[in-house]
$ cat data_15.cif   # mmCIF, C-alpha atoms and all ligand atoms
data_entry
loop_
_atom_site.label_atom_id
_atom_site.label_comp_id
_atom_site.auth_asym_id
_atom_site.auth_seq_id
_atom_site.Cartn_x
_atom_site.Cartn_y
_atom_site.Cartn_z
CA MET A 1 3.57 -37.42 15.38
CA THR A 2 3.43 -37.46 19.16
CA THR A 3 0.09 -37.26 20.92
CA THR A 4 -0.30 -34.07 22.90
CA ASP A 5 -1.91 -33.81 26.33
CA LEU A 6 -4.96 -32.15 24.83
CA ALA A 7 -5.37 -34.81 22.12
CA ARG A 8 -5.08 -37.47 24.85
CA ARG A 9 -7.60 -35.68 27.05
CA LEU A 10 -10.04 -35.50 24.13
CA ARG A 11 -9.67 -39.04 22.82
CA GLY A 12 -7.82 -41.14 25.40
CA SER A 13 -9.92 -44.09 26.58
CA ASP A 14 -9.40 -43.22 30.27
CA GLN A 15 -9.95 -39.51 29.69
CA PRO A 16 -13.01 -37.22 29.91
CA GLY A 17 -13.29 -36.32 26.20
CA PHE A 18 -13.26 -32.57 26.85
CA SER A 19 -11.14 -29.82 28.31
CA LEU A 20 -12.18 -26.49 29.82
CA LEU A 21 -9.89 -23.52 29.15
CA GLU A 22 -11.02 -20.87 31.63
CA GLY A 23 -10.60 -17.22 30.62
CA PHE A 24 -9.36 -18.21 27.17
CA VAL A 25 -10.33 -14.80 25.77
CA GLY A 26 -11.69 -11.62 27.30
CA ALA A 27 -15.46 -11.14 27.59
CA GLU A 28 -15.25 -8.41 24.94
CA VAL A 29 -14.44 -11.02 22.26
CA GLY A 30 -17.81 -12.71 22.62
CA ALA A 31 -19.54 -9.35 23.09
CA ALA A 32 -18.28 -8.27 19.64
CA MET A 33 -19.59 -11.53 18.19
CA LEU A 34 -22.99 -10.97 19.79
CA GLN A 35 -23.12 -7.45 18.40
CA ASP A 36 -22.33 -8.76 14.92
CA VAL A 37 -25.02 -11.46 14.94
CA VAL A 38 -27.63 -9.07 16.31
CA GLY A 39 -26.87 -6.91 13.26
CA LEU A 40 -27.26 -9.97 11.04
CA ALA A 41 -30.59 -10.92 12.64
CA ARG A 42 -31.90 -7.40 12.06
CA ALA A 43 -30.59 -7.26 8.48
CA ALA A 44 -32.19 -10.62 7.67
CA ALA A 45 -35.48 -9.48 9.22
CA ALA A 46 -35.33 -6.37 7.01
CA GLY A 47 -35.07 -8.62 3.96
CA GLU A 48 -31.37 -8.13 3.27
CA ASP A 49 -29.29 -10.94 1.79
CA ILE A 50 -26.93 -12.03 4.57
CA SER A 51 -25.53 -15.13 2.84
CA PRO A 52 -23.42 -17.10 3.45
CA ALA A 53 -24.80 -16.50 6.96
CA PHE A 54 -28.10 -18.26 7.63
CA VAL A 55 -30.63 -17.54 10.37
CA LEU A 56 -32.53 -20.39 12.03
CA GLN A 57 -35.51 -19.03 13.96
CA GLU A 58 -36.79 -20.63 17.14
CA SER A 59 -39.70 -22.83 16.12
CA GLN A 60 -41.30 -23.38 19.55
CA GLU A 61 -44.95 -22.42 19.82
CA GLY A 62 -45.56 -18.97 21.29
CA PHE A 63 -41.98 -17.71 21.09
CA SER A 64 -42.08 -13.92 21.05
CA GLY A 65 -39.91 -10.84 21.50
CA ALA A 66 -39.66 -7.20 20.59
CA ASN A 67 -36.55 -7.45 18.38
CA PRO A 68 -35.66 -9.76 15.49
CA GLU A 69 -32.81 -11.28 17.48
CA ASP A 70 -35.21 -12.32 20.26
CA LEU A 71 -36.73 -14.89 17.89
CA VAL A 72 -33.48 -16.38 16.59
CA GLY A 73 -32.22 -19.81 17.63
CA LYS A 74 -28.92 -20.02 15.76
CA ILE A 75 -27.02 -18.21 13.03
CA PHE A 76 -24.70 -20.34 10.85
CA GLY A 77 -22.04 -19.59 8.26
CA LEU A 78 -19.98 -17.11 10.25
CA GLN A 79 -16.43 -18.34 9.52
CA ARG A 80 -15.61 -15.48 7.20
CA ARG A 81 -17.04 -12.56 9.21
CA GLY A 82 -15.05 -9.98 11.21
CA PRO A 83 -14.97 -11.06 14.86
CA PHE A 84 -15.25 -14.76 14.01
CA ARG A 85 -12.45 -14.56 11.47
CA GLU A 86 -10.33 -12.71 14.03
CA PHE A 87 -10.88 -15.45 16.59
CA LEU A 88 -9.81 -18.10 14.08
CA ALA A 89 -6.67 -16.10 13.29
CA ASP A 90 -5.65 -15.89 16.97
CA PRO A 91 -2.37 -17.81 17.50
CA ALA A 92 -3.73 -19.08 20.83
CA VAL A 93 -6.62 -20.72 18.96
CA ALA A 94 -4.16 -22.22 16.47
CA ASP A 95 -2.15 -23.68 19.39
CA VAL A 96 -5.27 -25.40 20.74
CA LEU A 97 -6.19 -26.74 17.31
CA VAL A 98 -2.68 -28.01 16.61
CA GLU A 99 -2.66 -29.81 19.96
CA ALA A 100 -6.08 -31.28 19.31
CA LEU A 101 -5.82 -32.13 15.62
CA GLY A 102 -2.28 -31.69 14.33
CA PRO A 103 -0.48 -29.08 12.22
CA ASP A 104 -3.14 -28.67 9.51
CA VAL A 105 -6.72 -27.86 10.44
CA ASP A 106 -9.89 -26.77 8.64
CA CYS A 107 -12.99 -25.20 10.19
CA PHE A 108 -16.17 -26.49 8.55
CA LEU A 109 -18.98 -25.17 10.76
CA ALA A 110 -19.43 -21.94 12.71
CA GLN A 111 -22.70 -21.28 14.53
CA PHE A 112 -23.82 -18.72 17.07
CA ILE A 113 -26.38 -20.01 19.55
CA PHE A 114 -28.67 -17.37 21.02
CA LYS A 115 -30.66 -19.41 23.59
CA ASN A 116 -33.01 -16.55 24.39
CA PRO A 117 -35.16 -16.64 27.55
CA GLY A 118 -37.61 -19.53 27.28
CA ALA A 119 -35.68 -21.31 24.50
CA TRP A 120 -35.47 -25.08 24.81
CA GLY A 121 -32.16 -26.83 25.19
CA GLN A 122 -30.68 -29.30 22.71
CA PRO A 123 -31.23 -32.94 23.76
CA TRP A 124 -28.45 -35.48 24.41
CA HIS A 125 -26.47 -36.05 21.21
CA GLN A 126 -23.04 -36.67 19.73
CA ASP A 127 -21.96 -34.13 17.14
CA SER A 128 -20.56 -36.88 14.92
CA TYR A 129 -24.17 -37.96 14.31
CA TYR A 130 -24.39 -34.86 12.09
CA PHE A 131 -20.97 -35.35 10.47
CA GLU A 132 -20.77 -38.39 8.19
CA PHE A 133 -17.21 -37.79 7.09
CA GLU A 134 -14.34 -39.87 5.78
CA PRO A 135 -12.26 -40.20 7.88
CA ALA A 136 -14.95 -39.94 10.56
CA ARG A 137 -12.51 -38.75 13.22
CA PRO A 138 -10.90 -36.73 14.64
CA ILE A 139 -13.41 -33.89 14.77
CA VAL A 140 -13.20 -31.32 17.53
CA GLY A 141 -15.67 -28.67 18.70
CA LEU A 142 -14.93 -25.37 20.43
CA TRP A 143 -17.76 -23.88 22.52
CA LEU A 144 -17.07 -20.29 23.57
CA ALA A 145 -19.18 -18.85 26.38
CA VAL A 146 -20.40 -15.43 25.23
CA THR A 147 -22.52 -14.91 28.34
CA GLU A 148 -22.47 -16.80 31.61
CA ALA A 149 -23.70 -20.36 31.26
CA THR A 150 -25.59 -21.48 34.37
CA LEU A 151 -27.98 -24.22 35.45
CA GLU A 152 -30.81 -21.72 35.21
CA ASN A 153 -30.04 -20.32 31.76
CA GLY A 154 -29.32 -23.66 30.07
CA CYS A 155 -25.63 -24.51 30.23
CA LEU A 156 -24.14 -27.53 28.50
CA HIS A 157 -24.00 -30.89 30.29
CA VAL A 158 -21.39 -33.44 29.24
CA LEU A 159 -20.98 -37.15 29.89
CA PRO A 160 -17.27 -37.73 30.68
CA GLY A 161 -15.81 -40.76 28.94
CA SER A 162 -18.57 -40.99 26.34
CA GLN A 163 -16.09 -40.08 23.59
CA ASN A 164 -15.28 -43.82 23.72
CA GLU A 165 -18.78 -44.70 22.52
CA PRO A 166 -19.62 -45.29 18.87
CA VAL A 167 -22.20 -42.94 17.40
CA HIS A 168 -25.47 -44.09 18.98
CA GLN A 169 -28.89 -44.17 17.43
CA HIS A 170 -30.46 -40.68 17.59
CA VAL A 171 -34.27 -40.44 17.56
CA PRO A 172 -36.24 -37.28 16.69
CA ASP A 173 -36.70 -34.82 19.57
CA SER A 174 -40.18 -35.68 20.90
CA ARG A 175 -41.11 -32.09 21.84
CA PRO A 176 -43.59 -30.64 19.33
CA LYS A 177 -42.02 -27.94 17.12
CA SER A 178 -38.57 -28.33 18.61
CA ALA A 179 -35.71 -26.82 16.64
CA TYR A 180 -34.86 -28.13 13.17
CA GLY A 181 -32.39 -31.00 13.36
CA TYR A 182 -32.82 -31.75 17.07
CA VAL A 183 -32.45 -35.45 17.78
CA GLU A 184 -31.85 -37.42 20.95
CA ILE A 185 -29.90 -40.38 22.31
CA VAL A 186 -32.26 -42.47 24.43
CA ASP A 187 -30.29 -45.72 24.76
CA HIS A 188 -27.55 -44.65 27.16
CA ASP A 189 -27.28 -43.92 30.88
CA MET A 190 -26.53 -40.21 31.33
CA SER A 191 -26.64 -40.20 35.15
CA ALA A 192 -22.89 -39.45 35.46
CA SER A 193 -23.21 -36.24 33.45
CA GLN A 194 -21.68 -32.97 34.60
CA PRO A 195 -22.89 -29.40 34.03
CA CYS A 196 -20.41 -26.95 32.48
CA LEU A 197 -20.79 -23.70 34.40
CA LEU A 198 -18.89 -21.15 32.36
CA SER A 199 -18.08 -17.45 32.42
CA PRO A 200 -17.85 -15.25 29.33
CA GLY A 201 -14.57 -16.02 27.54
CA ASP A 202 -14.27 -19.61 28.83
CA LEU A 203 -13.71 -22.17 26.08
CA LEU A 204 -14.81 -25.80 26.12
CA VAL A 205 -12.88 -28.07 23.73
CA PHE A 206 -14.55 -31.41 23.05
CA ASP A 207 -14.39 -34.53 20.94
CA SER A 208 -17.24 -35.05 18.46
CA HIS A 209 -18.24 -38.40 20.04
CA LEU A 210 -18.72 -36.80 23.47
CA MET A 211 -22.36 -37.04 24.52
CA HIS A 212 -23.72 -33.68 25.57
CA ARG A 213 -26.92 -31.68 25.82
CA SER A 214 -28.07 -28.27 26.96
CA THR A 215 -31.08 -27.50 29.12
CA ASP A 216 -33.82 -24.89 28.69
CA ASN A 217 -33.21 -21.23 29.42
CA ARG A 218 -35.40 -20.60 32.47
CA SER A 219 -33.81 -17.20 33.19
CA ASP A 220 -34.88 -13.82 31.90
CA SER A 221 -31.74 -13.13 29.88
CA ILE A 222 -29.93 -14.60 26.90
CA ARG A 223 -27.46 -17.51 27.24
CA ALA A 224 -25.30 -17.03 24.18
CA ALA A 225 -22.43 -19.19 22.87
CA MET A 226 -20.36 -19.49 19.71
CA VAL A 227 -19.53 -22.98 18.46
CA TRP A 228 -17.01 -24.05 15.81
CA HIS A 229 -16.17 -27.51 14.46
CA PHE A 230 -12.83 -28.56 13.00
CA SER A 231 -11.23 -31.48 11.20
CA ARG A 232 -8.15 -32.17 9.13
CA PRO A 233 -7.87 -30.99 5.51
CA GLY A 234 -8.87 -33.57 2.93
CA THR A 235 -11.78 -34.83 5.03
CA LEU A 236 -14.62 -35.93 2.74
CA ASP A 237 -18.17 -34.89 3.55
CA LEU A 238 -20.25 -37.91 2.54
CA GLY A 239 -23.55 -36.28 3.47
CA MET A 240 -26.14 -37.75 5.84
CA ASP A 241 -28.05 -40.84 4.86
CA VAL A 242 -31.67 -39.66 4.82
CA GLY A 243 -33.10 -42.97 3.54
CA ASP A 244 -33.95 -44.44 0.12
CA GLY A 245 -30.30 -44.20 -0.87
CA VAL A 246 -30.39 -40.39 -0.66
CA ARG A 247 -27.55 -38.52 1.01
CA PHE A 248 -28.01 -34.93 2.16
CA LYS A 249 -24.96 -32.68 2.28
CA ASN A 250 -25.41 -29.90 4.78
CA PRO A 251 -24.97 -26.68 2.76
CA LEU A 252 -23.90 -24.93 5.95
CA ASN A 253 -20.69 -26.97 6.08
CA ASP A 254 -18.17 -24.51 4.64
CA TRP A 255 -14.58 -25.75 4.71
CA VAL A 256 -11.96 -23.11 5.36
CA ALA A 257 -8.26 -23.51 6.13
CA VAL A 258 -7.43 -22.10 9.56
CA VAL A 259 -4.07 -23.71 10.44
CA ARG A 260 -1.30 -24.82 8.12
CA GLU A 261 2.06 -26.21 9.21
CA GLY A 262 1.20 -25.34 12.80
CA ARG A 263 0.38 -21.69 12.19
CA ALA A 264 -2.87 -19.75 11.93
CA VAL A 265 -3.62 -18.68 8.37
CA PRO A 266 -6.06 -15.88 7.56
CA VAL A 267 -9.48 -17.19 6.64
CA GLY A 268 -9.87 -16.63 2.89
O1 LIG A 301 -25.26 -24.55 23.32
C1 LIG A 301 -26.23 -25.28 23.25
O2 LIG A 301 -27.30 -24.98 23.77
C2 LIG A 301 -26.14 -26.61 22.54
C3 LIG A 301 -24.92 -26.70 21.70
C4 LIG A 301 -24.62 -28.07 21.26
O3 LIG A 301 -25.00 -29.04 21.84
C5 LIG A 301 -23.82 -28.26 20.06
O4 LIG A 301 -23.42 -27.26 19.43
O5 LIG A 301 -23.56 -29.42 19.68
#
$ encode --input "data_15.cif" --output "structure tokens"
Amino acid sequence: MTTTDLARRLRGSDQPGFSLLEGFVGAEVGAAMLQDVVGLARAAAAGEDISPAFVLQESQEGFSGANPEDLVGKIFGLQRRGPFREFLADPAVADVLVEALGPDVDCFLAQFIFKNPGAWGQPWHQDSYYFEFEPARPIVGLWLAVTEATLENGCLHVLPGSQNEPVHQHVPDSRPKSAYGYVEIVDHDMSASQPCLLSPGDLLVFDSHLMHRSTDNRSDSIRAAMVWHFSRPGTLDLGMDVGDGVRFKNPLNDWVAVVREGRAVPVG
């Protein structure tokens, strides 16, 4: 198999480890996703069973809002729902995935990030910290801007070239009551990082060893994004080592075929 330009850009040792595809979809694509997850947030708040979707509330002290969705941090388990399924069935998405990963690709994680006003950002991390898989690579993330992502509302920041690093030690986020699962890399110089200022419909493609973070939303409106992670079929999820010989398999990892023999296949 030949290495494509995108695969090289994501994993080449002299490359940035990410690629920005501006205007990848129209703003209405993300708007439909936002509408769907707002419905899910309200249904969950009304006590309805929304599984396999799962709502993670913001856990920061004093977080408030008039509507259920104002209190949500992330919603997981969206692979099989309308607008998310449609995105995964888009031949343009399949082309990106084939370039990045080869002719057969599975999606194992699909999360919508609300980042409401006042919400804290996610500290510096590498996504592979959360994915103890065999083989461990390649894993690729897609980050779709649903709203504008700015310095004020908490855009992503990436450290070009850090895809060459092994997975570093991640220590617990030191902020009291920060979001579940937030951890931080504190043993690496991040001074060469770059902010990713995106418009709705822009897509960031990135390698799972790329160091990145997002900052707090200091604006008065939502900074929303949809994030998917992909690997090749047959990848084994070993679960995270949580000490004492115990391994925890993230129940939100839901493996679905999205590309076979170079073509998008409908999510089952
Ligand atoms: O969008 C954000 O605020 C953080 C997302 C992120 O870092 C991730 O999904 O790994």
$ residues_around --input "data_15.cif" --residues "range 161-168 of chain A" --least-positions-apart "4" --cutoff "8 Å" --atoms "all atoms listed in the file" --output "number ranges by chain"
A: 10-11, 13-17, 126, 128-129, 185, 187, 207-211
$ axis_aligned_box --input "data_15.cif" --around "ligand LIG 301 (chain A)" --padding-each-side "3 Å" --output "lines of an AutoDock Vina configuration file"
center_x = -25.4
center_y = -27.0
center_z = 21.6
size_x = 9.9
size_y = 10.9
size_z = 10.3
$ residues_near_ligand --input "data_15.cif" --ligand "ligand LIG 301 (chain A)" --cutoff "10 Å" --atoms "all atoms listed in the file" --output "PDB file with C-alpha atoms, keeping the file's coordinate frame"
ATOM      1  CA  GLY A  73     -32.220 -19.810  17.630  1.00  0.00           C
ATOM      2  CA  LYS A  74     -28.920 -20.020  15.760  1.00  0.00           C
ATOM      3  CA  LEU A 109     -18.980 -25.170  10.760  1.00  0.00           C
ATOM      4  CA  ALA A 110     -19.430 -21.940  12.710  1.00  0.00           C
ATOM      5  CA  GLN A 111     -22.700 -21.280  14.530  1.00  0.00           C
ATOM      6  CA  PHE A 112     -23.820 -18.720  17.070  1.00  0.00           C
ATOM      7  CA  ILE A 113     -26.380 -20.010  19.550  1.00  0.00           C
ATOM      8  CA  PHE A 114     -28.670 -17.370  21.020  1.00  0.00           C
ATOM      9  CA  LYS A 115     -30.660 -19.410  23.590  1.00  0.00           C
ATOM     10  CA  ALA A 119     -35.680 -21.310  24.500  1.00  0.00           C
ATOM     11  CA  TRP A 120     -35.470 -25.080  24.810  1.00  0.00           C
ATOM     12  CA  GLY A 121     -32.160 -26.830  25.190  1.00  0.00           C
ATOM     13  CA  GLN A 122     -30.680 -29.300  22.710  1.00  0.00           C
ATOM     14  CA  PRO A 123     -31.230 -32.940  23.760  1.00  0.00           C
ATOM     15  CA  TRP A 124     -28.450 -35.480  24.410  1.00  0.00           C
ATOM     16  CA  HIS A 125     -26.470 -36.050  21.210  1.00  0.00           C
ATOM     17  CA  GLN A 126     -23.040 -36.670  19.730  1.00  0.00           C
ATOM     18  CA  ASP A 127     -21.960 -34.130  17.140  1.00  0.00           C
ATOM     19  CA  SER A 128     -20.560 -36.880  14.920  1.00  0.00           C
ATOM     20  CA  TYR A 130     -24.390 -34.860  12.090  1.00  0.00           C
ATOM     21  CA  GLY A 141     -15.670 -28.670  18.700  1.00  0.00           C
ATOM     22  CA  LEU A 142     -14.930 -25.370  20.430  1.00  0.00           C
ATOM     23  CA  TRP A 143     -17.760 -23.880  22.520  1.00  0.00           C
ATOM     24  CA  LEU A 144     -17.070 -20.290  23.570  1.00  0.00           C
ATOM     25  CA  ALA A 145     -19.180 -18.850  26.380  1.00  0.00           C
ATOM     26  CA  ALA A 149     -23.700 -20.360  31.260  1.00  0.00           C
ATOM     27  CA  ASN A 153     -30.040 -20.320  31.760  1.00  0.00           C
ATOM     28  CA  GLY A 154     -29.320 -23.660  30.070  1.00  0.00           C
ATOM     29  CA  CYS A 155     -25.630 -24.510  30.230  1.00  0.00           C
ATOM     30  CA  LEU A 156     -24.140 -27.530  28.500  1.00  0.00           C
ATOM     31  CA  HIS A 157     -24.000 -30.890  30.290  1.00  0.00           C
ATOM     32  CA  VAL A 158     -21.390 -33.440  29.240  1.00  0.00           C
ATOM     33  CA  TYR A 182     -32.820 -31.750  17.070  1.00  0.00           C
ATOM     34  CA  PHE A 206     -14.550 -31.410  23.050  1.00  0.00           C
ATOM     35  CA  SER A 208     -17.240 -35.050  18.460  1.00  0.00           C
ATOM     36  CA  LEU A 210     -18.720 -36.800  23.470  1.00  0.00           C
ATOM     37  CA  MET A 211     -22.360 -37.040  24.520  1.00  0.00           C
ATOM     38  CA  HIS A 212     -23.720 -33.680  25.570  1.00  0.00           C
ATOM     39  CA  ARG A 213     -26.920 -31.680  25.820  1.00  0.00           C
ATOM     40  CA  SER A 214     -28.070 -28.270  26.960  1.00  0.00           C
ATOM     41  CA  THR A 215     -31.080 -27.500  29.120  1.00  0.00           C
ATOM     42  CA  ASP A 216     -33.820 -24.890  28.690  1.00  0.00           C
ATOM     43  CA  ASN A 217     -33.210 -21.230  29.420  1.00  0.00           C
ATOM     44  CA  ARG A 223     -27.460 -17.510  27.240  1.00  0.00           C
ATOM     45  CA  ALA A 224     -25.300 -17.030  24.180  1.00  0.00           C
ATOM     46  CA  ALA A 225     -22.430 -19.190  22.870  1.00  0.00           C
ATOM     47  CA  MET A 226     -20.360 -19.490  19.710  1.00  0.00           C
ATOM     48  CA  VAL A 227     -19.530 -22.980  18.460  1.00  0.00           C
ATOM     49  CA  TRP A 228     -17.010 -24.050  15.810  1.00  0.00           C
ATOM     50  CA  HIS A 229     -16.170 -27.510  14.460  1.00  0.00           C
TER      51      HIS A 229
END
$ residues_around --input "data_15.cif" --residues "Asp90 in chain A" --least-positions-apart "6" --cutoff "12 Å" --atoms "all atoms listed in the file" --output "list in words"
Phe24, Val25, Val29, Pro83, Phe84, Val96, Leu97, Val258, Val259, Arg263, Ala264, Val265, Pro266 and Val267 of chain A
$ write_last_selection --input "data_15.cif" --atoms "C-alpha atoms" --output "CSV table (one decimal), in the frame of the given file"
chain,number,residue,atom,x,y,z
A,24,PHE,CA,-9.4,-18.2,27.2
A,25,VAL,CA,-10.3,-14.8,25.8
A,29,VAL,CA,-14.4,-11.0,22.3
A,83,PRO,CA,-15.0,-11.1,14.9
A,84,PHE,CA,-15.2,-14.8,14.0
A,96,VAL,CA,-5.3,-25.4,20.7
A,97,LEU,CA,-6.2,-26.7,17.3
A,258,VAL,CA,-7.4,-22.1,9.6
A,259,VAL,CA,-4.1,-23.7,10.4
A,263,ARG,CA,0.4,-21.7,12.2
A,264,ALA,CA,-2.9,-19.8,11.9
A,265,VAL,CA,-3.6,-18.7,8.4
A,266,PRO,CA,-6.1,-15.9,7.6
A,267,VAL,CA,-9.5,-17.2,6.6
$ atom_distance --input "data_15.cif" --atom1 "CA of Asp70 in chain A" --atom2 "CA of Asp49 in chain A"
19.4 Å
$ residues_around --input "data_15.cif" --residues "Glu28 in chain A" --least-positions-apart "6" --cutoff "10 Å" --atoms "only C-alpha atoms" --output "ChimeraX atom specification"
/A:34,146,200-201
$ residues_around --input "data_15.cif" --residues "Arg81 in chain A" --least-positions-apart "5" --cutoff "10 Å" --atoms "all atoms listed in the file" --output "list of chain:residue names"
A:Met33, A:Asp36, A:Val37, A:Pro52, A:Ala53, A:Glu86, A:Val267
$ atom_distance --input "data_15.cif" --atom1 "CA of Glu69 in chain A" --atom2 "CA of Leu252 in chain A"
20.0 Å
$ build_atoms --input "data_15.cif" --residues "range 157-177 of chain A" --atoms "N, CA and C atoms" --output "JSON list (two decimals), in the coordinates of the input"
[["chain", "number", "residue", "atom", "x", "y", "z"],
["A", 157, "HIS", "N", -24.30, -29.78, 29.38],
["A", 157, "HIS", "CA", -24.00, -30.89, 30.29],
["A", 157, "HIS", "C", -23.25, -31.92, 29.45],
["A", 158, "VAL", "N", -22.18, -32.47, 30.00],
["A", 158, "VAL", "CA", -21.39, -33.44, 29.24],
["A", 158, "VAL", "C", -21.32, -34.75, 30.01],
["A", 159, "LEU", "N", -21.13, -35.84, 29.27],
["A", 159, "LEU", "CA", -20.98, -37.15, 29.89],
["A", 159, "LEU", "C", -19.53, -37.60, 29.74],
["A", 160, "PRO", "N", -18.70, -37.40, 30.80],
["A", 160, "PRO", "CA", -17.27, -37.73, 30.68],
["A", 160, "PRO", "C", -17.07, -39.18, 30.27],
["A", 161, "GLY", "N", -16.14, -39.40, 29.37],
["A", 161, "GLY", "CA", -15.81, -40.76, 28.94],
["A", 161, "GLY", "C", -16.63, -41.23, 27.74],
["A", 162, "SER", "N", -17.69, -40.50, 27.41],
["A", 162, "SER", "CA", -18.57, -40.99, 26.34],
["A", 162, "SER", "C", -17.96, -40.80, 24.95],
["A", 163, "GLN", "N", -16.79, -40.15, 24.88],
["A", 163, "GLN", "CA", -16.09, -40.08, 23.59],
["A", 163, "GLN", "C", -15.65, -41.48, 23.14],
["A", 164, "ASN", "N", -15.66, -42.44, 24.07],
["A", 164, "ASN", "CA", -15.28, -43.82, 23.72],
["A", 164, "ASN", "C", -16.43, -44.58, 23.05],
["A", 165, "GLU", "N", -17.61, -44.01, 23.09],
["A", 165, "GLU", "CA", -18.78, -44.70, 22.52],
["A", 165, "GLU", "C", -18.81, -44.53, 21.00],
["A", 166, "PRO", "N", -19.34, -45.53, 20.29],
["A", 166, "PRO", "CA", -19.62, -45.29, 18.87],
["A", 166, "PRO", "C", -20.75, -44.28, 18.76],
["A", 167, "VAL", "N", -21.05, -43.84, 17.56],
["A", 167, "VAL", "CA", -22.20, -42.94, 17.40],
["A", 167, "VAL", "C", -23.47, -43.77, 17.63],
["A", 168, "HIS", "N", -24.24, -43.36, 18.62],
["A", 168, "HIS", "CA", -25.47, -44.09, 18.98],
["A", 168, "HIS", "C", -26.61, -43.73, 18.04],
["A", 169, "GLN", "N", -27.68, -44.53, 18.16],
["A", 169, "GLN", "CA", -28.89, -44.17, 17.43],
["A", 169, "GLN", "C", -29.42, -42.85, 18.02],
["A", 170, "HIS", "N", -29.86, -41.94, 17.16],
["A", 170, "HIS", "CA", -30.46, -40.68, 17.59],
["A", 170, "HIS", "C", -31.91, -40.68, 17.07],
["A", 171, "VAL", "N", -32.85, -40.46, 17.97],
["A", 171, "VAL", "CA", -34.27, -40.44, 17.56],
["A", 171, "VAL", "C", -34.74, -38.98, 17.53],
["A", 172, "PRO", "N", -35.78, -38.67, 16.75],
["A", 172, "PRO", "CA", -36.24, -37.28, 16.69],
["A", 172, "PRO", "C", -36.63, -36.76, 18.08],
["A", 173, "ASP", "N", -36.30, -35.51, 18.34],
["A", 173, "ASP", "CA", -36.70, -34.82, 19.57],
["A", 173, "ASP", "C", -38.22, -34.91, 19.67],
["A", 174, "SER", "N", -38.72, -35.41, 20.80],
["A", 174, "SER", "CA", -40.18, -35.68, 20.90],
["A", 174, "SER", "C", -40.99, -34.41, 21.21],
["A", 175, "ARG", "N", -40.35, -33.30, 21.51],
["A", 175, "ARG", "CA", -41.11, -32.09, 21.84],
["A", 175, "ARG", "C", -41.70, -31.49, 20.56],
["A", 176, "PRO", "N", -43.00, -31.18, 20.56],
["A", 176, "PRO", "CA", -43.59, -30.64, 19.33],
["A", 176, "PRO", "C", -42.94, -29.31, 18.95],
["A", 177, "LYS", "N", -42.62, -29.17, 17.66],
["A", 177, "LYS", "CA", -42.02, -27.94, 17.12],
["A", 177, "LYS", "C", -40.68, -27.61, 17.76]]
